[in-house]
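Shown next, in structure tokens, is the structure this report addresses.
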Amino acid sequence: MKELENELIKVNKYLQHCLWMDFSYEIINSEYIKIIGSIDLSWENYHSIELFFESPINILTILSDWHKPDKKPFIELATEEEAVRQLKYIGKGHYIFKINAEGYTVAPIWIIAKSFKCNILKTNNGNNK
């Protein structure tokens with residue numbers, strides 16, 4: 001659990017320092033969901049961050065690309081109260097992830113998956129890692 005929390009902190013801390021970041025799904029299947037983030041999604045293979053949700057069992061999402069929120073953390077674990085509402089969907093060892101997006105008062109993206117990892121490909125100043 002500590003490793004998972006560290007990954008979430010790493011993503012949120014990185015995105016706090018970005019003035020702008022667009023996100024899109026690159027892959028959605030039963031093995032994993034891959035979300036990419038970039039300051040300009042029109043450039044192929046030019047993204048700054050990759051988010052991987054492994055062994056997903058459920059997703060509630062918007063279908064369009066979205067922007068990071070300025071006033072909320074980008075990604076969080078669901079609270080206990082929120083998880084109770086979703087219990088029928090949760091398998092043993094799964095987590096409920098909430099992704100906030102600019103323009104939404106409530107997280108429009110919910111992913112239930114076994115684990116989460118991120119790859120930060122570019123530093124906040126735009127350089128490759």
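Going through the structure tokens in order, the chains are called A, B, and so on, while each chain numbers its residues from 1 and the ligands are numbered from 1 in the order shown.
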How close does each residue of region 2-54 of chain A get to region 105-114 of chain A, giving the shortest atom pair and distance in Å to one decimal for every residue with an atom at most 9 Å away, counting only C-alpha atoms, sorted by chain and residue number, as JSON lines?
```
{"residue": "A:Tyr32", "atom": "CA", "partner": "A:Ala113", "partner_atom": "CA", "distance": 8.3}
{"residue": "A:Ile33", "atom": "CA", "partner": "A:Ile111", "partner_atom": "CA", "distance": 9.0}
{"residue": "A:Phe53", "atom": "CA", "partner": "A:Ala113", "partner_atom": "CA", "distance": 5.9}
{"residue": "A:Glu54", "atom": "CA", "partner": "A:Lys114", "partner_atom": "CA", "distance": 5.7}
```
* From the DSSP assignment of the backbone, select every residue of chain A that is strand (DSSP E or B), and format the answer as a ChimeraX atom specification. => /A:22-28,32-38,49-54,58-60,66-67,75-77,95-99,109-113,115-120,122,128
* To do: Determine which residues of chain A receive a DSSP assignment of helix (DSSP H, G or I), computed from the backbone, and state them as a list of chain:residue names.
  => A:Lys2, A:Glu3, A:Leu4, A:Glu5, A:Asn6, A:Glu7, A:Leu8, A:Ile9, A:Lys10, A:Val11, A:Asn12, A:Lys13, A:Tyr14, A:Leu15, A:Gln16, A:Glu80, A:Glu81, A:Glu82, A:Ala83, A:Val84, A:Arg85, A:Gln86, A:Leu87, A:Lys88, A:Tyr89
Any chance you could export the current selection's N, CA, C and O atoms as a CSV table (one decimal), in the first residue's frame?
```csv
chain,number,residue,atom,x,y,z
A,2,LYS,N,2.0,1.2,0.7
A,2,LYS,CA,2.9,2.4,0.8
A,2,LYS,C,3.5,2.7,-0.6
A,2,LYS,O,3.6,3.9,-1.0
A,3,GLU,N,3.8,1.7,-1.4
A,3,GLU,CA,4.3,1.9,-2.7
A,3,GLU,C,3.3,2.6,-3.6
A,3,GLU,O,3.6,3.5,-4.4
A,4,LEU,N,2.0,2.1,-3.5
A,4,LEU,CA,0.9,2.7,-4.2
A,4,LEU,C,0.7,4.2,-3.8
A,4,LEU,O,0.6,5.1,-4.7
A,5,GLU,N,0.7,4.5,-2.6
A,5,GLU,CA,0.6,5.9,-2.1
A,5,GLU,C,1.7,6.7,-2.6
A,5,GLU,O,1.5,7.9,-3.0
A,6,ASN,N,2.9,6.2,-2.6
A,6,ASN,CA,4.1,6.9,-3.2
A,6,ASN,C,3.9,7.3,-4.6
A,6,ASN,O,4.3,8.3,-5.1
A,7,GLU,N,3.4,6.3,-5.4
A,7,GLU,CA,3.2,6.6,-6.8
A,7,GLU,C,2.1,7.7,-7.0
A,7,GLU,O,2.3,8.6,-7.9
A,8,LEU,N,1.1,7.7,-6.2
A,8,LEU,CA,0.1,8.7,-6.4
A,8,LEU,C,0.6,10.1,-6.0
A,8,LEU,O,0.4,11.1,-6.6
A,9,ILE,N,1.4,10.1,-4.9
A,9,ILE,CA,2.1,11.4,-4.5
A,9,ILE,C,3.0,11.9,-5.6
A,9,ILE,O,3.0,13.1,-5.9
A,10,LYS,N,3.8,11.0,-6.2
A,10,LYS,CA,4.7,11.4,-7.3
A,10,LYS,C,4.0,12.0,-8.4
A,10,LYS,O,4.4,13.1,-8.9
A,11,VAL,N,2.8,11.4,-8.9
A,11,VAL,CA,2.1,12.0,-10.0
A,11,VAL,C,1.5,13.4,-9.6
A,11,VAL,O,1.7,14.3,-10.4
A,12,ASN,N,0.9,13.5,-8.5
A,12,ASN,CA,0.3,14.7,-8.1
A,12,ASN,C,1.3,15.8,-7.9
A,12,ASN,O,1.1,17.0,-8.3
A,13,LYS,N,2.4,15.5,-7.3
A,13,LYS,CA,3.5,16.5,-7.1
A,13,LYS,C,4.0,17.0,-8.4
A,13,LYS,O,4.2,18.2,-8.7
A,14,TYR,N,4.3,16.0,-9.4
A,14,TYR,CA,4.7,16.4,-10.7
A,14,TYR,C,3.8,17.3,-11.4
A,14,TYR,O,4.1,18.4,-11.9
A,15,LEU,N,2.5,17.0,-11.3
A,15,LEU,CA,1.5,17.8,-12.1
A,15,LEU,C,1.2,19.1,-11.4
A,15,LEU,O,0.8,20.1,-12.1
A,16,GLN,N,1.5,19.3,-10.1
A,16,GLN,CA,1.3,20.6,-9.4
A,16,GLN,C,2.2,21.6,-10.1
A,16,GLN,O,1.9,22.8,-10.1
A,80,GLU,N,-13.4,5.8,2.1
A,80,GLU,CA,-14.1,4.6,2.5
A,80,GLU,C,-15.6,4.7,2.2
A,80,GLU,O,-16.2,3.8,1.7
A,81,GLU,N,-16.2,5.9,2.4
A,81,GLU,CA,-17.6,6.1,2.0
A,81,GLU,C,-17.9,5.9,0.5
A,81,GLU,O,-18.8,5.2,0.2
A,82,GLU,N,-17.0,6.4,-0.3
A,82,GLU,CA,-17.2,6.2,-1.7
A,82,GLU,C,-17.0,4.7,-2.1
A,82,GLU,O,-17.7,4.2,-3.0
A,83,ALA,N,-16.0,4.1,-1.5
A,83,ALA,CA,-15.7,2.7,-1.7
A,83,ALA,C,-16.9,1.8,-1.4
A,83,ALA,O,-17.2,0.8,-2.1
A,84,VAL,N,-17.6,2.1,-0.3
A,84,VAL,CA,-18.8,1.3,0.1
A,84,VAL,C,-19.8,1.2,-1.0
A,84,VAL,O,-20.4,0.2,-1.3
A,85,ARG,N,-20.0,2.4,-1.7
A,85,ARG,CA,-21.0,2.4,-2.8
A,85,ARG,C,-20.5,1.5,-4.0
A,85,ARG,O,-21.3,1.1,-4.8
A,86,GLN,N,-19.2,1.3,-4.1
A,86,GLN,CA,-18.7,0.5,-5.2
A,86,GLN,C,-18.4,-0.9,-4.9
A,86,GLN,O,-17.9,-1.6,-5.7
A,87,LEU,N,-18.6,-1.3,-3.6
A,87,LEU,CA,-18.1,-2.6,-3.2
A,87,LEU,C,-18.5,-3.8,-4.1
A,87,LEU,O,-17.8,-4.8,-4.2
A,88,LYS,N,-19.7,-3.7,-4.7
A,88,LYS,CA,-20.1,-4.8,-5.5
A,88,LYS,C,-19.2,-5.0,-6.7
A,88,LYS,O,-19.2,-6.1,-7.3
A,89,TYR,N,-18.4,-4.0,-7.1
A,89,TYR,CA,-17.5,-4.1,-8.2
A,89,TYR,C,-16.1,-4.5,-7.8
A,89,TYR,O,-15.3,-4.8,-8.7
```
* **Nearest to Phe52 (chain A), chosen from A:Ser64, A:Asn29, A:Thr123, A:Asn100, with only C-alpha atoms counted in the distances** => A:Asn29
List every residue of region 106-127 of chain A that has an atom at most 10 Å from any atom of region 35-42 of chain A, giving for each one its closest atom pair and the distance in Å to one decimal, counting only C-alpha atoms, sorted by chain and then by ascending residue number, as a tab-separated table.
```
residue	atom	partner	partner_atom	distance
A:Cys118	CA	A:Ile35	CA	9.4
A:Asn119	CA	A:Ile36	CA	9.6
A:Ile120	CA	A:Gly37	CA	9.5
A:Leu121	CA	A:Gly37	CA	9.9
A:Lys122	CA	A:Ser38	CA	9.4
A:Gly126	CA	A:Ile39	CA	9.5
```
Output C-alpha atoms for every residue in the selection just made, as a PDB file, in the first residue's frame.
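That gives us result33.pdb:
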```
ATOM      1  CA  CYS A 118       3.501   5.898 -13.480  1.00  0.00           C
ATOM      2  CA  ASN A 119       6.401   6.805 -15.734  1.00  0.00           C
ATOM      3  CA  ILE A 120       7.466  10.436 -15.810  1.00  0.00           C
ATOM      4  CA  LEU A 121       9.180  10.857 -19.170  1.00  0.00           C
ATOM      5  CA  LYS A 122       9.881  14.595 -19.128  1.00  0.00           C
ATOM      6  CA  GLY A 126      10.442  19.837 -20.620  1.00  0.00           C
TER       7      GLY A 126
END
```
* Asked: Mind pulling up the distance from CA of Ser115 (chain A) to CA of Lys68 (chain A)?
  ->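 Interatomic distance, CA of Lys68 (chain A) to CA of Ser115 (chain A): 21.2 Å.
CA of Glu31 (chain A) to CA of Lys72 (chain A) spans 28.6 Å [interatomic distance, one decimal].
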* Quick one: distance from CA of Glu102 (chain A) to CA of Trp66 (chain A) in Å, one decimal? ->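 Distance reported for this atom pair: 7.2 Å.
Using only C-alpha atoms, the residues found no farther than 9 Å from Pro69 (chain A), other than those of its own chain fewer than 2 positions away, are Trp20, Met21, His67, Lys71, Lys72, Pro73, Phe74, Asn100, Ala101, Glu102, Gly103 and Tyr104 of chain A.
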* To do: Choose the residue, out of A:Phe116, A:Leu19, A:Met1, A:Ser24, that has the smallest atom-to-atom separation from Thr61 (chain A); count only C-alpha atoms.
  => A:Ser24
